[in-house]
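Listing of work.cif; format and content: mmCIF, N, CA and C atoms.
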data_input
#
loop_
_atom_site.label_atom_id
_atom_site.label_comp_id
_atom_site.auth_asym_id
_atom_site.auth_seq_id
_atom_site.Cartn_x
_atom_site.Cartn_y
_atom_site.Cartn_z
N MET A 13 -29.62 -22.16 -21.69
CA MET A 13 -30.44 -21.96 -20.52
C MET A 13 -29.57 -21.40 -19.40
N THR A 14 -29.97 -20.30 -18.83
CA THR A 14 -29.20 -19.71 -17.73
C THR A 14 -29.74 -20.20 -16.40
N GLN A 15 -28.82 -20.32 -15.47
CA GLN A 15 -29.22 -20.73 -14.12
C GLN A 15 -29.52 -19.50 -13.28
N ALA A 16 -30.61 -19.56 -12.56
CA ALA A 16 -30.96 -18.48 -11.64
C ALA A 16 -30.33 -18.78 -10.29
N THR A 17 -29.84 -17.76 -9.63
CA THR A 17 -29.28 -17.93 -8.29
C THR A 17 -30.09 -17.10 -7.31
N VAL A 18 -30.16 -17.60 -6.12
CA VAL A 18 -30.88 -16.93 -5.06
C VAL A 18 -30.00 -16.92 -3.82
N LYS A 19 -29.85 -15.75 -3.21
CA LYS A 19 -29.12 -15.65 -1.95
C LYS A 19 -30.14 -15.38 -0.85
N LEU A 20 -30.07 -16.20 0.18
CA LEU A 20 -30.99 -16.07 1.29
C LEU A 20 -30.25 -15.59 2.53
N GLN A 21 -30.89 -14.80 3.32
CA GLN A 21 -30.33 -14.41 4.61
C GLN A 21 -31.10 -15.19 5.67
N ILE A 22 -30.40 -16.19 6.23
CA ILE A 22 -31.00 -17.05 7.23
C ILE A 22 -30.28 -16.82 8.55
N PRO A 23 -31.01 -16.57 9.62
CA PRO A 23 -30.34 -16.40 10.91
C PRO A 23 -29.51 -17.64 11.25
N PHE A 24 -28.33 -17.41 11.79
CA PHE A 24 -27.41 -18.52 12.06
C PHE A 24 -28.05 -19.58 12.95
N ASN A 25 -28.80 -19.18 13.97
CA ASN A 25 -29.45 -20.15 14.86
C ASN A 25 -30.44 -21.02 14.10
N ALA A 26 -31.16 -20.43 13.15
CA ALA A 26 -32.10 -21.21 12.33
C ALA A 26 -31.35 -22.21 11.47
N LEU A 27 -30.19 -21.80 10.95
CA LEU A 27 -29.37 -22.70 10.16
C LEU A 27 -28.89 -23.88 11.00
N ILE A 28 -28.44 -23.60 12.21
CA ILE A 28 -27.98 -24.66 13.11
C ILE A 28 -29.12 -25.63 13.42
N GLU A 29 -30.30 -25.10 13.69
CA GLU A 29 -31.46 -25.96 13.95
C GLU A 29 -31.76 -26.85 12.75
N ALA A 30 -31.69 -26.27 11.56
CA ALA A 30 -31.96 -27.06 10.35
C ALA A 30 -30.91 -28.15 10.17
N ILE A 31 -29.66 -27.83 10.43
CA ILE A 31 -28.59 -28.83 10.29
C ILE A 31 -28.76 -29.95 11.29
N THR A 32 -29.10 -29.63 12.52
CA THR A 32 -29.26 -30.68 13.53
C THR A 32 -30.44 -31.59 13.24
N SER A 33 -31.39 -31.12 12.43
CA SER A 33 -32.54 -31.97 12.11
C SER A 33 -32.26 -32.91 10.92
N LEU A 34 -31.12 -32.75 10.24
CA LEU A 34 -30.79 -33.61 9.11
C LEU A 34 -30.48 -35.03 9.57
N ASP A 35 -30.72 -36.00 8.69
CA ASP A 35 -30.29 -37.36 9.02
C ASP A 35 -28.80 -37.50 8.72
N ILE A 36 -28.21 -38.61 9.10
CA ILE A 36 -26.77 -38.78 9.00
C ILE A 36 -26.26 -38.68 7.55
N GLU A 37 -27.00 -39.23 6.59
CA GLU A 37 -26.57 -39.15 5.19
C GLU A 37 -26.54 -37.70 4.70
N GLN A 38 -27.53 -36.93 5.09
CA GLN A 38 -27.58 -35.53 4.69
C GLN A 38 -26.45 -34.74 5.37
N LYS A 39 -26.17 -35.05 6.63
CA LYS A 39 -25.07 -34.38 7.34
C LYS A 39 -23.72 -34.70 6.70
N LEU A 40 -23.54 -35.95 6.29
CA LEU A 40 -22.29 -36.33 5.63
C LEU A 40 -22.13 -35.61 4.29
N LYS A 41 -23.23 -35.50 3.55
CA LYS A 41 -23.20 -34.78 2.28
C LYS A 41 -22.86 -33.30 2.51
N LEU A 42 -23.46 -32.71 3.52
CA LEU A 42 -23.18 -31.32 3.87
C LEU A 42 -21.72 -31.16 4.29
N LYS A 43 -21.22 -32.11 5.07
CA LYS A 43 -19.81 -32.07 5.51
C LYS A 43 -18.87 -32.07 4.31
N GLN A 44 -19.13 -32.94 3.34
CA GLN A 44 -18.30 -33.00 2.13
C GLN A 44 -18.34 -31.68 1.36
N LEU A 45 -19.53 -31.12 1.24
CA LEU A 45 -19.68 -29.85 0.54
C LEU A 45 -18.90 -28.75 1.25
N LEU A 46 -19.04 -28.68 2.57
CA LEU A 46 -18.33 -27.64 3.34
C LEU A 46 -16.82 -27.82 3.26
N GLU A 47 -16.34 -29.06 3.37
CA GLU A 47 -14.90 -29.31 3.28
C GLU A 47 -14.36 -28.88 1.92
N LYS A 48 -15.12 -29.15 0.86
CA LYS A 48 -14.71 -28.76 -0.49
C LYS A 48 -14.64 -27.24 -0.60
N GLU A 49 -15.64 -26.55 -0.09
CA GLU A 49 -15.67 -25.09 -0.15
C GLU A 49 -14.56 -24.47 0.70
N ILE A 50 -14.33 -25.02 1.88
CA ILE A 50 -13.27 -24.50 2.76
C ILE A 50 -11.91 -24.70 2.12
N THR A 51 -11.67 -25.87 1.54
CA THR A 51 -10.39 -26.13 0.86
C THR A 51 -10.18 -25.14 -0.27
N LYS A 52 -11.22 -24.89 -1.06
CA LYS A 52 -11.12 -23.94 -2.17
C LYS A 52 -10.78 -22.54 -1.66
N ILE A 53 -11.44 -22.10 -0.61
CA ILE A 53 -11.19 -20.78 -0.05
C ILE A 53 -9.76 -20.69 0.49
N GLN A 54 -9.31 -21.74 1.20
CA GLN A 54 -7.96 -21.73 1.74
C GLN A 54 -6.92 -21.69 0.62
N GLU A 55 -7.13 -22.42 -0.45
CA GLU A 55 -6.20 -22.40 -1.58
C GLU A 55 -6.16 -21.02 -2.21
N ASP A 56 -7.31 -20.39 -2.37
CA ASP A 56 -7.35 -19.04 -2.93
C ASP A 56 -6.64 -18.07 -2.00
N TYR A 57 -6.82 -18.22 -0.70
CA TYR A 57 -6.19 -17.33 0.28
C TYR A 57 -4.68 -17.46 0.22
N VAL A 58 -4.16 -18.67 0.13
CA VAL A 58 -2.72 -18.88 0.05
C VAL A 58 -2.17 -18.28 -1.24
N GLU A 59 -2.89 -18.45 -2.36
CA GLU A 59 -2.45 -17.87 -3.62
C GLU A 59 -2.39 -16.35 -3.52
N GLU A 60 -3.39 -15.73 -2.92
CA GLU A 60 -3.41 -14.29 -2.77
C GLU A 60 -2.33 -13.81 -1.82
N ALA A 61 -1.94 -14.64 -0.86
CA ALA A 61 -0.97 -14.23 0.15
C ALA A 61 0.47 -14.44 -0.30
N SER A 62 0.67 -14.99 -1.49
CA SER A 62 2.03 -15.19 -1.98
C SER A 62 2.72 -13.84 -2.10
N ILE A 63 3.97 -13.81 -1.66
CA ILE A 63 4.75 -12.58 -1.71
C ILE A 63 5.94 -12.84 -2.63
N PRO A 64 5.88 -12.31 -3.86
CA PRO A 64 7.01 -12.54 -4.75
C PRO A 64 8.24 -11.76 -4.28
N ILE A 65 9.41 -12.39 -4.34
CA ILE A 65 10.66 -11.73 -3.99
C ILE A 65 11.67 -12.01 -5.07
N LYS A 66 12.83 -11.45 -4.95
CA LYS A 66 13.89 -11.66 -5.94
C LYS A 66 14.21 -13.14 -6.04
N GLN A 67 14.82 -13.52 -7.13
CA GLN A 67 15.25 -14.88 -7.42
C GLN A 67 14.08 -15.84 -7.63
N ASN A 68 12.93 -15.30 -8.03
CA ASN A 68 11.75 -16.11 -8.37
C ASN A 68 11.27 -17.03 -7.25
N HIS A 69 11.40 -16.61 -6.04
CA HIS A 69 10.88 -17.38 -4.90
C HIS A 69 9.56 -16.77 -4.45
N ASP A 70 8.65 -17.60 -4.04
CA ASP A 70 7.40 -17.14 -3.44
C ASP A 70 7.35 -17.67 -2.02
N TYR A 71 7.06 -16.79 -1.10
CA TYR A 71 6.85 -17.21 0.27
C TYR A 71 5.36 -17.20 0.51
N LYS A 72 4.86 -18.27 1.06
CA LYS A 72 3.42 -18.40 1.28
C LYS A 72 3.14 -18.66 2.75
N LEU A 73 1.93 -18.30 3.13
CA LEU A 73 1.49 -18.60 4.48
C LEU A 73 1.45 -20.10 4.68
N THR A 74 1.88 -20.57 5.84
CA THR A 74 1.82 -22.00 6.12
C THR A 74 0.51 -22.37 6.76
N GLY A 75 -0.14 -21.42 7.41
CA GLY A 75 -1.38 -21.71 8.11
C GLY A 75 -1.17 -22.35 9.47
N GLU A 76 0.09 -22.57 9.83
CA GLU A 76 0.38 -23.17 11.13
C GLU A 76 0.21 -22.14 12.23
N ILE A 77 -0.17 -22.61 13.40
CA ILE A 77 -0.19 -21.76 14.58
C ILE A 77 0.87 -22.31 15.53
N LEU A 78 1.86 -21.47 15.82
CA LEU A 78 2.96 -21.87 16.67
C LEU A 78 3.11 -20.87 17.81
N THR A 79 3.68 -21.34 18.90
CA THR A 79 4.02 -20.41 19.98
C THR A 79 5.24 -19.62 19.55
N ILE A 80 5.47 -18.50 20.21
CA ILE A 80 6.63 -17.68 19.88
C ILE A 80 7.91 -18.48 20.10
N GLU A 81 7.95 -19.30 21.14
CA GLU A 81 9.13 -20.13 21.39
C GLU A 81 9.38 -21.10 20.23
N GLU A 82 8.30 -21.71 19.71
CA GLU A 82 8.44 -22.63 18.58
C GLU A 82 8.95 -21.91 17.34
N ILE A 83 8.46 -20.70 17.11
CA ILE A 83 8.92 -19.92 15.96
C ILE A 83 10.40 -19.58 16.12
N ARG A 84 10.78 -19.13 17.31
CA ARG A 84 12.19 -18.78 17.55
C ARG A 84 13.11 -19.98 17.38
N SER A 85 12.67 -21.16 17.84
CA SER A 85 13.54 -22.33 17.71
C SER A 85 13.60 -22.83 16.27
N ARG A 86 12.50 -22.71 15.53
CA ARG A 86 12.48 -23.18 14.15
C ARG A 86 13.21 -22.22 13.20
N TYR A 87 13.14 -20.92 13.49
CA TYR A 87 13.74 -19.90 12.64
C TYR A 87 14.63 -18.99 13.49
N PRO A 88 15.73 -19.51 14.03
CA PRO A 88 16.50 -18.76 15.02
C PRO A 88 17.10 -17.45 14.55
N ARG A 89 17.53 -17.36 13.31
CA ARG A 89 18.18 -16.13 12.83
C ARG A 89 17.53 -15.62 11.55
N GLU A 90 16.19 -15.74 11.48
CA GLU A 90 15.47 -15.30 10.30
C GLU A 90 14.36 -14.34 10.71
N TRP A 91 14.03 -13.45 9.78
CA TRP A 91 12.87 -12.61 9.95
C TRP A 91 11.64 -13.43 9.60
N VAL A 92 10.63 -13.33 10.41
CA VAL A 92 9.40 -14.09 10.19
C VAL A 92 8.22 -13.13 10.28
N LEU A 93 7.38 -13.17 9.26
CA LEU A 93 6.17 -12.37 9.26
C LEU A 93 5.05 -13.21 9.86
N ILE A 94 4.41 -12.69 10.89
CA ILE A 94 3.36 -13.44 11.57
C ILE A 94 2.09 -12.61 11.68
N ALA A 95 0.99 -13.29 11.81
CA ALA A 95 -0.29 -12.65 12.16
C ALA A 95 -0.51 -12.97 13.62
N ASP A 96 -0.60 -11.95 14.43
CA ASP A 96 -0.75 -12.13 15.87
C ASP A 96 -2.12 -12.73 16.17
N THR A 97 -2.14 -13.93 16.75
CA THR A 97 -3.42 -14.56 17.06
C THR A 97 -3.72 -14.59 18.55
N GLU A 98 -2.70 -14.38 19.38
CA GLU A 98 -2.92 -14.32 20.82
C GLU A 98 -1.80 -13.52 21.46
N SER A 99 -2.17 -12.55 22.31
CA SER A 99 -1.19 -11.70 22.98
C SER A 99 -1.45 -11.70 24.48
N ASP A 100 -0.40 -11.35 25.23
CA ASP A 100 -0.56 -11.21 26.67
C ASP A 100 -1.04 -9.79 26.98
N GLU A 101 -1.07 -9.44 28.27
CA GLU A 101 -1.58 -8.14 28.70
C GLU A 101 -0.76 -6.97 28.16
N GLN A 102 0.53 -7.20 27.91
CA GLN A 102 1.40 -6.14 27.38
C GLN A 102 1.50 -6.18 25.86
N TRP A 103 0.60 -6.90 25.20
CA TRP A 103 0.54 -7.02 23.74
C TRP A 103 1.72 -7.78 23.15
N ASN A 104 2.41 -8.56 23.95
CA ASN A 104 3.46 -9.44 23.44
C ASN A 104 2.80 -10.67 22.84
N PRO A 105 3.21 -11.07 21.63
CA PRO A 105 2.58 -12.26 21.04
C PRO A 105 2.89 -13.52 21.84
N ILE A 106 1.88 -14.34 22.03
CA ILE A 106 2.03 -15.62 22.71
C ILE A 106 2.12 -16.72 21.65
N GLU A 107 1.21 -16.71 20.71
CA GLU A 107 1.26 -17.62 19.57
C GLU A 107 0.80 -16.87 18.34
N ALA A 108 1.20 -17.35 17.18
CA ALA A 108 0.91 -16.61 15.96
C ALA A 108 0.72 -17.55 14.79
N LYS A 109 0.04 -17.04 13.78
CA LYS A 109 -0.17 -17.78 12.53
C LYS A 109 0.75 -17.17 11.50
N PHE A 110 1.45 -18.04 10.77
CA PHE A 110 2.33 -17.51 9.73
C PHE A 110 2.33 -18.40 8.52
#
Exercise: express the given structure as structure tokens:
Amino acid sequence: MTQATVKLQIPFNALIEAITSLDIEQKLKLKQLLEKEITKIQEDYVEEASIPIKQNHDYKLTGEILTIEEIRSRYPREWVLIADTESDEQWNPIEAKF
């Protein structure tokens, strides 16, 4: 027996209204489902972001958000690849995800 799947396009506001009308047990069940899905997506993202280098080492995203000062103090003489998450008016990074 094959399972049929259906994808619905529901306006986000309608989804929020539906969620707020749930009772506490339903909200907790939804929370568990969302946490499970988010964890799965994050694990897949980290696996895809692995960068193989010589000597069989893999560098992976940590998912941390640090200020530039924190990055400089933690990795004083190392190259660090970051995703710019906040910049000042001159496009200098203020904090970044790496």
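The space between atom C of Glu37 (chain A) and atom N of Ala16 (chain A) spans 25.4 Å.
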So the first atom is atom C of Glu76 (chain A) and the second is CA of Ala108 (chain A); what is the distance between them in Å, to one decimal place?
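These atoms are spaced 6.7 Å apart.
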Box dimensions and centre (Å, one decimal) enclosing region 83-102 of chain A, axis-aligned, 8 Å extra per side, as AutoDock Vina command-line options:
--center_x 7.2 --center_y -14.7 --center_z 19.0 --size_x 37.9 --size_y 33.0 --size_z 35.4
To one decimal in Å, tell me the separation between atom C of Lys39 (chain A) and atom C of Thr74 (chain A).
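So the two atoms, atom C of Lys39 (chain A) and atom C of Thr74 (chain A), lie 27.2 Å apart.
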To verify the selection step, state as a compact mmCIF listing (two decimals) with N, CA and C atoms, keeping the file's coordinate frame which residues the PyMOL selection byres ((chain A and resi 78) around 7) yields on this input.
# COMPACT_ATOMS: atom_id res chain seq x y z
N GLU A 76 0.09 -22.57 9.83
CA GLU A 76 0.38 -23.17 11.13
C GLU A 76 0.21 -22.14 12.23
N ILE A 77 -0.17 -22.61 13.40
CA ILE A 77 -0.19 -21.76 14.58
C ILE A 77 0.87 -22.31 15.53
N THR A 79 3.68 -21.34 18.90
CA THR A 79 4.02 -20.41 19.98
C THR A 79 5.24 -19.62 19.55
N ILE A 80 5.47 -18.50 20.21
CA ILE A 80 6.63 -17.68 19.88
C ILE A 80 7.91 -18.48 20.10
N GLU A 81 7.95 -19.30 21.14
CA GLU A 81 9.13 -20.13 21.39
C GLU A 81 9.38 -21.10 20.23
N GLU A 82 8.30 -21.71 19.71
CA GLU A 82 8.44 -22.63 18.58
C GLU A 82 8.95 -21.91 17.34
N ILE A 83 8.46 -20.70 17.11
CA ILE A 83 8.92 -19.92 15.96
C ILE A 83 10.40 -19.58 16.12
N ILE A 106 1.88 -14.34 22.03
CA ILE A 106 2.03 -15.62 22.71
C ILE A 106 2.12 -16.72 21.65
N GLU A 107 1.21 -16.71 20.71
CA GLU A 107 1.26 -17.62 19.57
C GLU A 107 0.80 -16.87 18.34
N ALA A 108 1.20 -17.35 17.18
CA ALA A 108 0.91 -16.61 15.96
C ALA A 108 0.72 -17.55 14.79
N LYS A 109 0.04 -17.04 13.78
CA LYS A 109 -0.17 -17.78 12.53
C LYS A 109 0.75 -17.17 11.50
N PHE A 110 1.45 -18.04 10.77
CA PHE A 110 2.33 -17.51 9.73
C PHE A 110 2.33 -18.40 8.52
Name the residues within 6 Å of (-3.0, -11.1, 18.3), counting only N, CA and C atoms in the file's coordinates, and put them as a PyMOL selection string.
chain A and resi 95-99
